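A.B. asks: If it helps, the file is called final27.pdb and holds PDB, C-alpha atoms:
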MODEL        1
ATOM      1  CA  MET N 137     319.052 203.694 336.649
ATOM      2  CA  ASN N 138     316.610 206.548 337.225
ATOM      3  CA  GLN N 139     314.252 206.126 340.165
ATOM      4  CA  PRO N 140     310.964 205.434 338.261
ATOM      5  CA  LEU N 141     312.540 202.578 336.282
ATOM      6  CA  LYS N 142     314.358 201.242 339.352
ATOM      7  CA  THR N 143     311.119 201.163 341.338
ATOM      8  CA  PHE N 144     309.288 199.586 338.402
ATOM      9  CA  LYS N 145     311.909 196.849 338.075
ATOM     10  CA  GLN N 146     311.169 195.477 341.558
ATOM     11  CA  GLU N 147     307.412 195.995 341.264
ATOM     12  CA  TYR N 148     307.328 194.200 337.920
ATOM     13  CA  GLN N 149     309.277 191.227 339.262
ATOM     14  CA  ASN N 150     306.917 190.983 342.234
ATOM     15  CA  LEU N 151     303.885 191.075 339.942
ATOM     16  CA  LEU N 152     305.324 188.327 337.737
ATOM     17  CA  LEU N 153     306.168 186.100 340.698
ATOM     18  CA  ASN N 154     302.751 186.642 342.260
ATOM     19  CA  PHE N 155     301.165 185.749 338.943
ATOM     20  CA  LEU N 156     303.214 182.536 338.752
ATOM     21  CA  TRP N 157     302.281 181.599 342.312
ATOM     22  CA  ARG N 158     298.613 182.204 341.540
ATOM     23  CA  GLN N 159     298.642 180.046 338.420
ATOM     24  CA  TRP N 160     300.653 177.169 339.887
ATOM     25  CA  SER N 161     298.585 177.183 343.074
ATOM     26  CA  ALA N 162     295.444 176.790 340.962
ATOM     27  CA  LEU N 163     297.062 173.704 339.440
ATOM     28  CA  GLY N 164     297.818 172.226 342.861
ATOM     29  CA  VAL N 165     301.241 173.580 343.881
ATOM     30  CA  ALA N 166     301.539 173.939 347.662
ATOM     31  CA  GLY N 167     301.866 177.557 348.734
ATOM     32  CA  GLN N 168     299.782 180.628 348.085
ATOM     33  CA  GLY N 169     296.099 180.217 347.344
ATOM     34  CA  GLY N 170     295.090 179.899 343.726
ATOM     35  CA  GLY N 171     292.707 182.404 342.238
ATOM     36  CA  GLU N 172     289.324 181.827 340.620
ATOM     37  CA  ASP N 173     290.421 183.045 337.205
ATOM     38  CA  ALA N 174     288.159 182.710 334.173
ATOM     39  CA  TRP N 175     290.843 181.642 331.705
ATOM     40  CA  ILE N 176     292.544 178.347 330.889
ATOM     41  CA  ILE N 177     296.036 177.782 332.274
ATOM     42  CA  ASP N 178     298.655 176.675 329.755
ATOM     43  CA  PRO N 179     301.003 174.396 331.771
ATOM     44  CA  GLU N 180     303.739 174.271 329.122
ATOM     45  CA  ALA N 181     303.959 178.045 328.674
ATOM     46  CA  LEU N 182     303.765 178.489 332.455
ATOM     47  CA  LEU N 183     306.667 176.077 332.946
ATOM     48  CA  LEU N 184     308.821 177.936 330.417
ATOM     49  CA  LEU N 185     308.236 181.298 332.110
ATOM     50  CA  THR N 186     308.968 179.707 335.494
ATOM     51  CA  CYS N 187     312.291 178.372 334.227
ATOM     52  CA  SER N 188     313.587 181.949 334.118
ATOM     53  CA  LEU N 189     311.539 183.870 336.718
ATOM     54  CA  GLY N 190     311.563 180.993 339.208
ATOM     55  CA  ARG N 191     315.265 181.465 339.746
ATOM     56  CA  HIS N 192     314.331 184.546 341.783
ATOM     57  CA  GLU N 193     311.874 182.591 343.946
ATOM     58  CA  PRO N 194     313.539 179.328 345.087
ATOM     59  CA  ARG N 195     310.525 178.130 347.056
ATOM     60  CA  LEU N 196     308.240 178.476 344.047
ATOM     61  CA  PHE N 197     310.726 176.780 341.735
ATOM     62  CA  ASP N 198     311.155 173.721 343.948
ATOM     63  CA  GLU N 199     307.420 173.491 344.680
ATOM     64  CA  VAL N 200     306.859 173.411 340.912
ATOM     65  CA  LEU N 201     309.372 170.549 340.652
ATOM     66  CA  ASP N 202     307.449 168.816 343.421
ATOM     67  CA  TRP N 203     304.206 169.320 341.479
ATOM     68  CA  MET N 204     305.834 168.006 338.310
ATOM     69  CA  ARG N 205     306.711 164.754 340.049
ATOM     70  CA  GLU N 206     303.043 164.332 340.956
ATOM     71  CA  ASN N 207     301.422 165.645 337.760
ATOM     72  CA  GLY N 208     304.210 165.757 335.165
ATOM     73  CA  ARG N 209     302.682 162.925 333.165
ATOM     74  CA  PHE N 210     300.073 165.436 331.977
ATOM     75  CA  ILE N 211     302.667 167.781 330.477
ATOM     76  CA  ASN N 212     302.802 167.632 326.680
ATOM     77  CA  VAL N 213     306.544 167.460 326.012
ATOM     78  CA  MET N 214     306.151 167.563 322.223
ATOM     79  CA  ARG N 215     304.119 170.746 322.539
ATOM     80  CA  LEU N 216     306.709 172.130 324.961
ATOM     81  CA  LYS N 217     309.405 171.640 322.336
ATOM     82  CA  ARG N 218     307.178 173.152 319.659
ATOM     83  CA  ILE N 219     306.651 176.303 321.740
ATOM     84  CA  LEU N 220     310.407 176.576 322.226
ATOM     85  CA  GLN N 221     310.898 176.364 318.462
ATOM     86  CA  MET N 222     308.359 179.088 317.726
ATOM     87  CA  GLU N 223     308.763 181.521 320.637
ATOM     88  CA  LYS N 224     311.719 183.101 322.430
ATOM     89  CA  PHE N 225     312.241 181.889 325.991
ATOM     90  CA  ALA N 226     315.428 182.278 328.023
ATOM     91  CA  GLY N 227     314.986 179.223 330.235
ATOM     92  CA  GLU N 228     315.783 176.473 327.744
ATOM     93  CA  ARG N 229     318.912 175.338 329.573
ATOM     94  CA  VAL N 230     317.014 175.350 332.869
ATOM     95  CA  LEU N 231     314.405 173.121 331.251
ATOM     96  CA  THR N 232     317.188 170.672 330.404
ATOM     97  CA  ALA N 233     318.011 170.355 334.103
ATOM     98  CA  VAL N 234     314.333 170.018 335.033
ATOM     99  CA  ALA N 235     313.884 167.258 332.455
ATOM    100  CA  GLY N 236     316.894 165.440 333.916
ATOM    101  CA  VAL N 237     315.353 165.535 337.391
ATOM    102  CA  LEU N 238     312.046 164.169 336.059
ATOM    103  CA  ALA N 239     313.563 161.449 333.863
ATOM    104  CA  LYS N 240     312.850 158.681 336.349
ATOM    105  CA  GLY N 241     310.364 155.851 336.687
ATOM    106  CA  THR N 242     307.610 155.502 334.109
ATOM    107  CA  GLU N 243     308.295 158.986 332.719
ATOM    108  CA  THR N 244     311.961 158.297 331.925
ATOM    109  CA  THR N 245     311.660 158.192 328.123
ATOM    110  CA  LYS N 246     309.388 161.205 327.878
ATOM    111  CA  TRP N 247     311.671 163.524 329.838
ATOM    112  CA  LYS N 248     314.965 161.983 328.758
ATOM    113  CA  MET N 249     314.160 162.872 325.149
ATOM    114  CA  LEU N 250     313.748 166.497 326.164
ATOM    115  CA  ALA N 251     316.858 166.516 328.333
ATOM    116  CA  ASN N 252     318.986 165.030 325.568
ATOM    117  CA  SER N 253     317.536 167.225 322.826
ATOM    118  CA  LEU N 254     318.843 170.417 324.451
ATOM    119  CA  ASP N 255     322.569 170.998 324.491
ATOM    120  CA  PRO N 256     323.624 172.082 328.026
ATOM    121  CA  SER N 257     326.282 174.750 328.351
ATOM    122  CA  ALA N 258     329.581 174.091 330.089
ATOM    123  CA  ALA N 259     329.455 177.507 331.784
ATOM    124  CA  ARG N 260     329.108 177.583 335.576
ATOM    125  CA  GLU N 261     326.810 180.028 337.338
ATOM    126  CA  ILE N 262     324.835 180.305 340.546
ATOM    127  CA  PHE N 263     321.270 179.151 339.902
ATOM    128  CA  PHE N 264     319.159 181.026 342.450
ATOM    129  CA  PHE N 265     319.109 184.757 343.112
ATOM    130  CA  THR N 266     317.942 186.841 346.040
ATOM    131  CA  THR N 267     315.019 189.244 345.577
ATOM    132  CA  ASP N 268     317.457 192.063 344.766
ATOM    133  CA  GLY N 269     319.156 190.027 342.033
ATOM    134  CA  LYS N 270     322.308 188.941 343.856
ATOM    135  CA  PRO N 271     323.507 185.299 343.561
ATOM    136  CA  GLN N 272     322.224 183.198 346.430
ATOM    137  CA  PRO N 273     324.917 181.231 348.325
ATOM    138  CA  VAL N 274     324.962 177.499 347.541
ATOM    139  CA  LEU N 275     324.771 175.189 350.540
ATOM    140  CA  GLY N 276     325.304 171.432 350.706
ATOM    141  CA  GLU N 277     325.968 168.939 347.947
ATOM    142  CA  PRO N 278     325.260 170.163 344.394
ATOM    143  CA  GLU N 279     322.266 168.808 342.502
ATOM    144  CA  PRO N 280     323.833 166.677 339.731
ATOM    145  CA  HIS N 281     321.323 167.361 336.923
ATOM    146  CA  PHE N 282     321.623 171.100 337.393
ATOM    147  CA  ALA N 283     325.416 170.828 337.704
ATOM    148  CA  ARG N 284     325.551 168.999 334.360
ATOM    149  CA  CYS N 285     323.754 171.960 332.800
ATOM    150  CA  GLY N 286     326.150 174.490 334.313
ATOM    151  CA  TYR N 287     324.111 175.569 337.349
ATOM    152  CA  GLN N 288     325.225 175.553 340.966
ATOM    153  CA  ARG N 289     322.423 174.821 343.399
ATOM    154  CA  GLY N 290     322.016 172.693 346.491
ATOM    155  CA  ALA N 291     320.476 169.241 346.667
ATOM    156  CA  LEU N 292     316.753 168.887 345.996
ATOM    157  CA  ARG N 293     314.653 168.370 349.095
ATOM    158  CA  LEU N 294     311.130 168.247 347.753
ATOM    159  CA  ARG N 295     308.451 168.284 350.450
ATOM    160  CA  GLY N 296     305.848 166.198 348.667
ATOM    161  CA  TYR N 297     303.035 168.627 349.534
ATOM    162  CA  SER N 298     301.816 169.254 345.991
ATOM    163  CA  GLN N 299     298.377 167.914 345.189
ATOM    164  CA  LYS N 300     296.835 166.325 342.142
ATOM    165  CA  PHE N 301     295.220 169.005 340.022
ATOM    166  CA  ARG N 302     291.543 169.677 340.677
ATOM    167  CA  PRO N 303     289.611 168.762 337.506
ATOM    168  CA  SER N 304     286.622 170.947 338.408
ATOM    169  CA  GLN N 305     288.765 174.099 338.730
ATOM    170  CA  PRO N 306     287.809 176.290 335.731
ATOM    171  CA  THR N 307     291.447 177.079 334.925
ATOM    172  CA  ASN N 308     292.410 173.382 334.768
ATOM    173  CA  LEU N 309     290.427 172.368 331.687
ATOM    174  CA  THR N 310     293.588 171.476 329.752
ATOM    175  CA  LEU N 311     294.752 168.945 332.325
ATOM    176  CA  GLN N 312     291.250 167.570 332.801
ATOM    177  CA  LEU N 313     290.896 166.813 329.090
ATOM    178  CA  ARG N 314     294.378 165.299 328.944
ATOM    179  CA  ALA N 315     293.516 163.010 331.848
ATOM    180  CA  LEU N 316     290.357 161.951 329.991
ATOM    181  CA  PHE N 317     291.582 161.691 326.391
ATOM    182  CA  GLY N 318     295.355 161.455 326.674
ATOM    183  CA  ILE N 319     298.131 163.799 325.597
ATOM    184  CA  ASN N 320     297.514 164.134 321.892
ATOM    185  CA  VAL N 321     296.296 166.390 319.095
ATOM    186  CA  ARG N 322     292.724 165.155 319.604
ATOM    187  CA  CYS N 323     292.731 166.565 323.136
ATOM    188  CA  GLU N 324     294.226 169.934 322.124
ATOM    189  CA  SER N 325     291.722 170.269 319.270
ATOM    190  CA  ALA N 326     288.762 169.526 321.541
ATOM    191  CA  LEU N 327     290.075 172.040 324.081
ATOM    192  CA  TYR N 328     290.215 174.771 321.458
ATOM    193  CA  LEU N 329     286.772 173.991 320.046
ATOM    194  CA  LEU N 330     285.208 174.021 323.515
ATOM    195  CA  THR N 331     286.400 177.603 323.977
ATOM    196  CA  HIS N 332     285.536 178.959 320.505
ATOM    197  CA  GLU N 333     282.374 179.089 318.454
ATOM    198  CA  ALA N 334     284.109 177.428 315.496
ATOM    199  CA  ALA N 335     287.614 177.223 314.078
ATOM    200  CA  HIS N 336     289.607 176.310 310.981
ATOM    201  CA  PRO N 337     292.328 173.637 311.395
ATOM    202  CA  SER N 338     295.120 176.118 310.607
ATOM    203  CA  GLN N 339     293.870 178.442 313.346
ATOM    204  CA  ILE N 340     293.728 175.602 315.855
ATOM    205  CA  ALA N 341     297.218 174.399 314.910
ATOM    206  CA  ARG N 342     298.691 177.882 315.187
ATOM    207  CA  GLU N 343     297.219 178.654 318.612
ATOM    208  CA  THR N 344     297.702 175.197 320.150
ATOM    209  CA  TYR N 345     301.250 174.791 318.754
ATOM    210  CA  CYS N 346     300.396 171.542 316.989
ATOM    211  CA  PHE N 347     301.239 170.607 313.393
ATOM    212  CA  GLU N 348     298.547 171.632 310.933
ATOM    213  CA  ARG N 349     298.436 168.325 309.055
ATOM    214  CA  ALA N 350     297.968 166.470 312.328
ATOM    215  CA  VAL N 351     295.129 168.785 313.363
ATOM    216  CA  GLN N 352     293.501 168.530 309.927
ATOM    217  CA  GLY N 353     293.527 164.726 309.932
ATOM    218  CA  THR N 354     292.345 164.535 313.524
ATOM    219  CA  LEU N 355     289.367 166.835 312.912
ATOM    220  CA  VAL N 356     288.331 164.900 309.813
ATOM    221  CA  ASP N 357     288.234 161.750 311.956
ATOM    222  CA  MET N 358     286.477 163.479 314.848
ATOM    223  CA  SER N 359     283.784 164.839 312.533
ATOM    224  CA  GLN N 360     282.879 161.246 311.642
ATOM    225  CA  SER N 361     281.792 160.708 315.250
ATOM    226  CA  GLY N 362     278.738 162.902 314.876
ATOM    227  CA  VAL N 363     279.886 164.925 317.898
ATOM    228  CA  VAL N 364     282.155 167.410 316.119
ATOM    229  CA  GLY N 365     280.225 169.556 313.654
ATOM    230  CA  LEU N 366     281.473 170.844 310.315
ATOM    231  CA  ARG N 367     280.416 173.868 308.285
ATOM    232  CA  SER N 368     281.883 175.294 305.096
ATOM    233  CA  GLN N 369     282.717 178.963 304.716
ATOM    234  CA  GLY N 370     283.747 179.422 301.129
ATOM    235  CA  ARG N 371     286.613 177.039 300.509
ATOM    236  CA  GLU N 372     287.371 176.693 304.227
ATOM    237  CA  LYS N 373     285.989 174.098 306.604
ATOM    238  CA  HIS N 374     285.247 175.172 310.149
ATOM    239  CA  TYR N 375     284.682 172.706 312.965
ATOM    240  CA  TRP N 376     282.623 173.201 316.113
ATOM    241  CA  LEU N 377     281.364 171.544 319.273
ATOM    242  CA  LYS N 378     278.360 172.103 321.526
ATOM    243  CA  PRO N 379     279.905 172.990 324.911
ATOM    244  CA  GLU N 380     276.621 172.393 326.732
ATOM    245  CA  HIS N 381     276.786 168.729 325.725
ATOM    246  CA  TRP N 382     280.289 168.446 327.171
ATOM    247  CA  ALA N 383     279.522 170.249 330.419
ATOM    248  CA  ALA N 384     277.707 167.280 331.971
ATOM    249  CA  LEU N 385     280.445 164.862 330.876
ATOM    250  CA  LEU N 386     283.137 167.045 332.466
ATOM    251  CA  ASN N 387     281.107 167.894 335.597
ATOM    252  CA  ARG N 388     281.325 171.592 334.778
ATOM    253  CA  SER N 389     279.000 174.501 334.332
ATOM    254  CA  GLN N 390     277.977 175.349 330.783
ATOM    255  CA  VAL N 391     280.174 178.450 330.896
ATOM    256  CA  PHE N 392     283.652 177.280 329.932
ATOM    257  CA  PRO N 393     286.788 179.293 330.763
ATOM    258  CA  TYR N 394     288.073 181.475 327.973
ATOM    259  CA  TRP N 395     291.087 180.823 325.813
ATOM    260  CA  VAL N 396     294.284 182.854 325.980
ATOM    261  CA  THR N 397     297.215 182.141 323.668
ATOM    262  CA  TRP N 398     299.723 182.372 326.514
ATOM    263  CA  PRO N 399     303.094 181.500 324.881
ATOM    264  CA  PRO N 400     303.598 184.754 322.917
ATOM    265  CA  LEU N 401     302.440 186.847 325.879
ATOM    266  CA  PHE N 402     304.705 185.020 328.336
ATOM    267  CA  SER N 403     307.616 185.355 325.928
ATOM    268  CA  ALA N 404     306.959 189.110 325.693
ATOM    269  CA  LEU N 405     306.674 189.495 329.477
ATOM    270  CA  GLU N 406     309.943 187.606 329.928
ATOM    271  CA  ARG N 407     311.775 189.742 327.373
ATOM    272  CA  ILE N 408     310.546 192.903 329.108
ATOM    273  CA  TRP N 409     311.777 191.538 332.429
ATOM    274  CA  LEU N 410     315.177 190.671 330.936
ATOM    275  CA  LYS N 411     315.457 194.134 329.402
ATOM    276  CA  VAL N 412     314.750 196.078 332.589
ATOM    277  CA  ASN N 413     317.257 193.845 334.402
ATOM    278  CA  ASP N 414     319.968 194.469 331.807
ATOM    279  CA  PRO N 415     322.815 196.398 333.530
ATOM    280  CA  ARG N 416     323.488 198.235 330.275
ATOM    281  CA  LEU N 417     320.103 199.938 330.584
ATOM    282  CA  GLU N 418     321.162 201.418 333.911
ATOM    283  CA  ALA N 419     323.979 203.396 332.319
ATOM    284  CA  LEU N 420     321.666 205.221 329.904
ATOM    285  CA  ASP N 421     319.987 208.540 330.520
ATOM    286  CA  PRO N 422     316.155 208.655 330.526
ATOM    287  CA  LEU N 423     315.969 209.700 326.868
ATOM    288  CA  LEU N 424     317.996 206.715 325.686
ATOM    289  CA  GLN N 425     316.168 204.402 328.079
ATOM    290  CA  SER N 426     312.883 205.515 326.552
ATOM    291  CA  SER N 427     314.273 204.901 323.078
ATOM    292  CA  GLU N 428     315.423 201.376 323.983
ATOM    293  CA  LEU N 429     312.113 200.480 325.577
ATOM    294  CA  ARG N 430     310.118 201.971 322.697
ATOM    295  CA  GLN N 431     312.049 199.778 320.269
ATOM    296  CA  LEU N 432     311.501 196.722 322.467
ATOM    297  CA  MET N 433     307.741 197.258 322.593
ATOM    298  CA  ALA N 434     307.641 197.710 318.822
ATOM    299  CA  GLU N 435     309.244 194.269 318.512
ATOM    300  CA  LEU N 436     306.925 192.704 321.095
ATOM    301  CA  ARG N 437     303.632 194.235 319.965
ATOM    302  CA  PRO N 438     302.921 191.458 317.387
ATOM    303  CA  SER N 439     303.314 188.823 320.120
ATOM    304  CA  ILE N 440     301.045 190.752 322.471
ATOM    305  CA  GLU N 441     298.528 191.130 319.645
ATOM    306  CA  ARG N 442     298.532 187.371 319.046
ATOM    307  CA  ALA N 443     297.571 186.931 322.699
ATOM    308  CA  ARG N 444     294.863 189.601 322.197
ATOM    309  CA  PHE N 445     296.216 191.829 324.959
ATOM    310  CA  ASP N 446     297.173 194.675 322.634
ATOM    311  CA  LYS N 447     294.224 196.808 323.746
ATOM    312  CA  LYS N 448     296.125 197.383 326.987
ATOM    313  CA  LEU N 449     298.951 199.112 325.104
ATOM    314  CA  SER N 450     299.122 202.828 324.412
ATOM    315  CA  ASP N 451     299.922 204.341 321.030
ATOM    316  CA  ASN N 452     303.587 205.197 321.545
ATOM    317  CA  ARG N 453     303.509 207.658 318.650
ATOM    318  CA  GLU N 454     301.691 210.066 320.930
ATOM    319  CA  TYR N 455     304.555 210.178 323.439
ATOM    320  CA  LEU N 456     307.845 211.572 322.224
ATOM    321  CA  GLY N 457     311.249 211.314 323.862
ATOM    322  CA  GLU N 458     311.323 210.829 327.616
ATOM    323  CA  LYS N 459     307.531 211.094 327.814
ATOM    324  CA  TYR N 460     307.293 207.481 326.684
ATOM    325  CA  LEU N 461     309.065 206.078 329.762
ATOM    326  CA  PRO N 462     306.133 206.418 332.218
ATOM    327  CA  VAL N 463     303.762 205.221 329.475
ATOM    328  CA  PHE N 464     305.842 202.074 329.008
ATOM    329  CA  LEU N 465     305.849 201.419 332.755
ATOM    330  CA  ALA N 466     302.075 201.855 332.985
ATOM    331  CA  ASP N 467     301.399 199.646 329.931
ATOM    332  CA  VAL N 468     303.437 196.755 331.292
ATOM    333  CA  ILE N 469     301.678 196.924 334.641
ATOM    334  CA  LYS N 470     298.327 196.817 332.807
ATOM    335  CA  LEU N 471     299.362 193.588 331.070
ATOM    336  CA  LEU N 472     299.532 191.921 334.491
ATOM    337  CA  ALA N 473     296.616 193.725 336.104
TER     338      ALA N 473
ENDMDL
END
What does this structure look like when you write it as structure tokens?
C.D. replies:
Amino acid sequence: MNQPLKTFKQEYQNLLLNFLWRQWSALGVAGQGGGEDAWIIDPEALLLLTCSLGRHEPRLFDEVLDWMRENGRFINVMRLKRILQMEKFAGERVLTAVAGVLAKGTETTKWKMLANSLDPSAAREIFFFTTDGKPQPVLGEPEPHFARCGYQRGALRLRGYSQKFRPSQPTNLTLQLRALFGINVRCESALYLLTHEAAHPSQIARETYCFERAVQGTLVDMSQSGVVGLRSQGREKHYWLKPEHWAALLNRSQVFPYWVTWPPLFSALERIWLKVNDPRLEALDPLLQSSELRQLMAELRPSIERARFDKKLSDNREYLGEKYLPVFLADVIKLLA
């Protein structure tokens, strides 16, 4: 691999892991301090990205498991499965193992359904990797749920340091509303309306990964409360809320965090990470590397556009041949800036 791409590979992994630490810490994971970000954290999309990237940061991965034992009841498993159906994520088999670990106590049914719905592979591989990508030696007795899914890792020794999420944290609006209203379409619809001026049911369903008929019926019912407003735009009905009325109820300022459709962006970031870690890319000369990465970004641009991060991307038509390689590297860094 040429030096610019080799250097980028490690820098990109570090940026992704730092981003994951920042987001999980904001939710209450013990470790690095969480940031004061202005957006809403999507716990399901974050978990899916962690299922692949977390294998390169064992401490983060196990602290997330620790957090899930404390706060996992607020994860929307049906939405998690819906995201997996609609987006490409590489950590599906890892999620099977995670669900097996969590399928205990009052949450047994919820997580067991997810664990049993995903077919684990019989292949055997080391689960954790060192920072330079080499398999990390396995010590002690194997963890049975991971072993069943084909992964070799040591026994879980969770520290129990994770905290309950902080409802007043701007990024934690999703979990706050779920704690108040339950894990349902009503909650996801209210979350979307609180962060948008108005929205059509199909738009809400698409960006929250809920079924459109369920969103439509829920909004019709909610509009009968006198709290959710309704306006017609041609043949379409758009629903809205007054965030200032909700701010006092939720003990928040009247400025709500902004919405990001994280699943397509996380899927794109993961696919970029998998591509630059593909050994076959190392054997190519810079011209062919540029060609491969140009094609990848052409495939990923629609996903990045859906997350509204496409303004960070350059027009690759302006950079021919090898000239695109540094542009690609700079664009990807900007996505995580």
A.B. asks: Run the PyMOL selection byres ((chain N and resi 179-184) around 6) on the file and write out the hits as a ChimeraX atom specification.
C.D. replies: /N:178,185-187,216,399
A.B. asks: Go through region 232-345 of chain N and flag each residue having an atom no more than 10 Å from region 373-387 of chain N; for those, report the closest pair of atoms plus their distance in Å to one decimal, using only C-alpha atoms, ordered by chain and rising number, as JSON lines.
C.D. replies:
{"residue": "N:Pro303", "atom": "CA", "partner": "N:Leu386", "partner_atom": "CA", "distance": 8.4}
{"residue": "N:Ser304", "atom": "CA", "partner": "N:Asn387", "partner_atom": "CA", "distance": 6.9}
{"residue": "N:Leu309", "atom": "CA", "partner": "N:Leu386", "partner_atom": "CA", "distance": 9.1}
{"residue": "N:Gln312", "atom": "CA", "partner": "N:Leu386", "partner_atom": "CA", "distance": 8.1}
{"residue": "N:Leu313", "atom": "CA", "partner": "N:Leu386", "partner_atom": "CA", "distance": 8.5}
{"residue": "N:Leu316", "atom": "CA", "partner": "N:Leu386", "partner_atom": "CA", "distance": 9.2}
{"residue": "N:Ser325", "atom": "CA", "partner": "N:Tyr375", "partner_atom": "CA", "distance": 9.8}
{"residue": "N:Ala326", "atom": "CA", "partner": "N:Leu377", "partner_atom": "CA", "distance": 8.0}
{"residue": "N:Leu327", "atom": "CA", "partner": "N:Leu377", "partner_atom": "CA", "distance": 10.0}
{"residue": "N:Tyr328", "atom": "CA", "partner": "N:Trp376", "partner_atom": "CA", "distance": 9.4}
{"residue": "N:Leu329", "atom": "CA", "partner": "N:Trp376", "partner_atom": "CA", "distance": 5.8}
{"residue": "N:Leu330", "atom": "CA", "partner": "N:Pro379", "partner_atom": "CA", "distance": 5.6}
{"residue": "N:Thr331", "atom": "CA", "partner": "N:Pro379", "partner_atom": "CA", "distance": 8.0}
{"residue": "N:His332", "atom": "CA", "partner": "N:Trp376", "partner_atom": "CA", "distance": 7.8}
{"residue": "N:Glu333", "atom": "CA", "partner": "N:Trp376", "partner_atom": "CA", "distance": 6.3}
{"residue": "N:Ala334", "atom": "CA", "partner": "N:Trp376", "partner_atom": "CA", "distance": 4.5}
{"residue": "N:Ala335", "atom": "CA", "partner": "N:His374", "partner_atom": "CA", "distance": 5.0}
{"residue": "N:His336", "atom": "CA", "partner": "N:His374", "partner_atom": "CA", "distance": 4.6}
{"residue": "N:Pro337", "atom": "CA", "partner": "N:His374", "partner_atom": "CA", "distance": 7.4}
{"residue": "N:Ser338", "atom": "CA", "partner": "N:His374", "partner_atom": "CA", "distance": 9.9}
{"residue": "N:Gln339", "atom": "CA", "partner": "N:His374", "partner_atom": "CA", "distance": 9.8}
{"residue": "N:Ile340", "atom": "CA", "partner": "N:Tyr375", "partner_atom": "CA", "distance": 9.9}
A.B. asks: I'd like the interatomic distance between CA of Ala443 (chain N) and CA of Leu401 (chain N), to a tenth of an Å.
C.D. replies: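 Answer for the CA of Ala443 (chain N) to CA of Leu401 (chain N) separation: 5.8 Å.
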A.B. asks: So how many Å separate CA of Arg260 (chain N) and CA of Val234 (chain N), to one decimal?
C.D. replies: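 Going from CA of Arg260 (chain N) over to CA of Val234 (chain N) covers 16.6 Å.
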A.B. asks: What does the structure give for the distance between CA of Gln390 (chain N) and CA of Ser368 (chain N), in Å to one decimal?
C.D. replies: 26.0 Å
A.B. asks: Quick one: of N:Pro306, N:Ala174, N:Ser161, N:Arg322, who's nearest to Met358 (chain N), counting all atoms listed in the file?
C.D. replies: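 Ranking N:Pro306, N:Ala174, N:Ser161, N:Arg322 by distance to Met358 (chain N), first place goes to N:Arg322.
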A.B. asks: Just so the selection is clear, what residues does the PyMOL selection byres ((chain N and resi 213) around 9) cover here, as a PDB file with C-alpha atoms, keeping the file's coordinate frame?
C.D. replies:
ATOM      1  CA  GLU N 180     303.739 174.271 329.122  1.00  0.00           C
ATOM      2  CA  ILE N 211     302.667 167.781 330.477  1.00  0.00           C
ATOM      3  CA  ASN N 212     302.802 167.632 326.680  1.00  0.00           C
ATOM      4  CA  MET N 214     306.151 167.563 322.223  1.00  0.00           C
ATOM      5  CA  ARG N 215     304.119 170.746 322.539  1.00  0.00           C
ATOM      6  CA  LEU N 216     306.709 172.130 324.961  1.00  0.00           C
ATOM      7  CA  LYS N 217     309.405 171.640 322.336  1.00  0.00           C
ATOM      8  CA  ARG N 218     307.178 173.152 319.659  1.00  0.00           C
ATOM      9  CA  LYS N 246     309.388 161.205 327.878  1.00  0.00           C
ATOM     10  CA  TRP N 247     311.671 163.524 329.838  1.00  0.00           C
ATOM     11  CA  MET N 249     314.160 162.872 325.149  1.00  0.00           C
ATOM     12  CA  LEU N 250     313.748 166.497 326.164  1.00  0.00           C
TER      13      LEU N 250
END
A.B. asks: If I put a ball of radius 10 Å at (324.7, 175.7, 333.4) in the file's coordinates, which residues poke into it when counting all atoms listed in the file, written as a list in words?
C.D. replies: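 Here the neighbourhood of the point contains Arg229, Val230, Thr232, Ala233, Pro256, Ser257, Ala258, Ala259, Arg260, Glu261, Ile262, Phe263, His281, Phe282, Ala283, Arg284, Cys285, Gly286, Tyr287 and Gln288 of chain N.
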A.B. asks: For Thr245 (chain N), which of N:Pro280, N:Gln352, N:Arg209, N:Gln146 is the closest residue, counting all atoms listed in the file?
C.D. replies: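 The shortest atom-to-atom distance to Thr245 (chain N) comes from N:Arg209.
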A.B. asks: Here is a test: counting all atoms listed in the file, which residue of N:Ile177, N:Ile469, N:Lys145, N:Arg437 is nearest to Thr310 (chain N)?
C.D. replies: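 Checking each of N:Ile177, N:Ile469, N:Lys145, N:Arg437 against Thr310 (chain N), counting all atoms listed in the file, the winner is N:Ile177.
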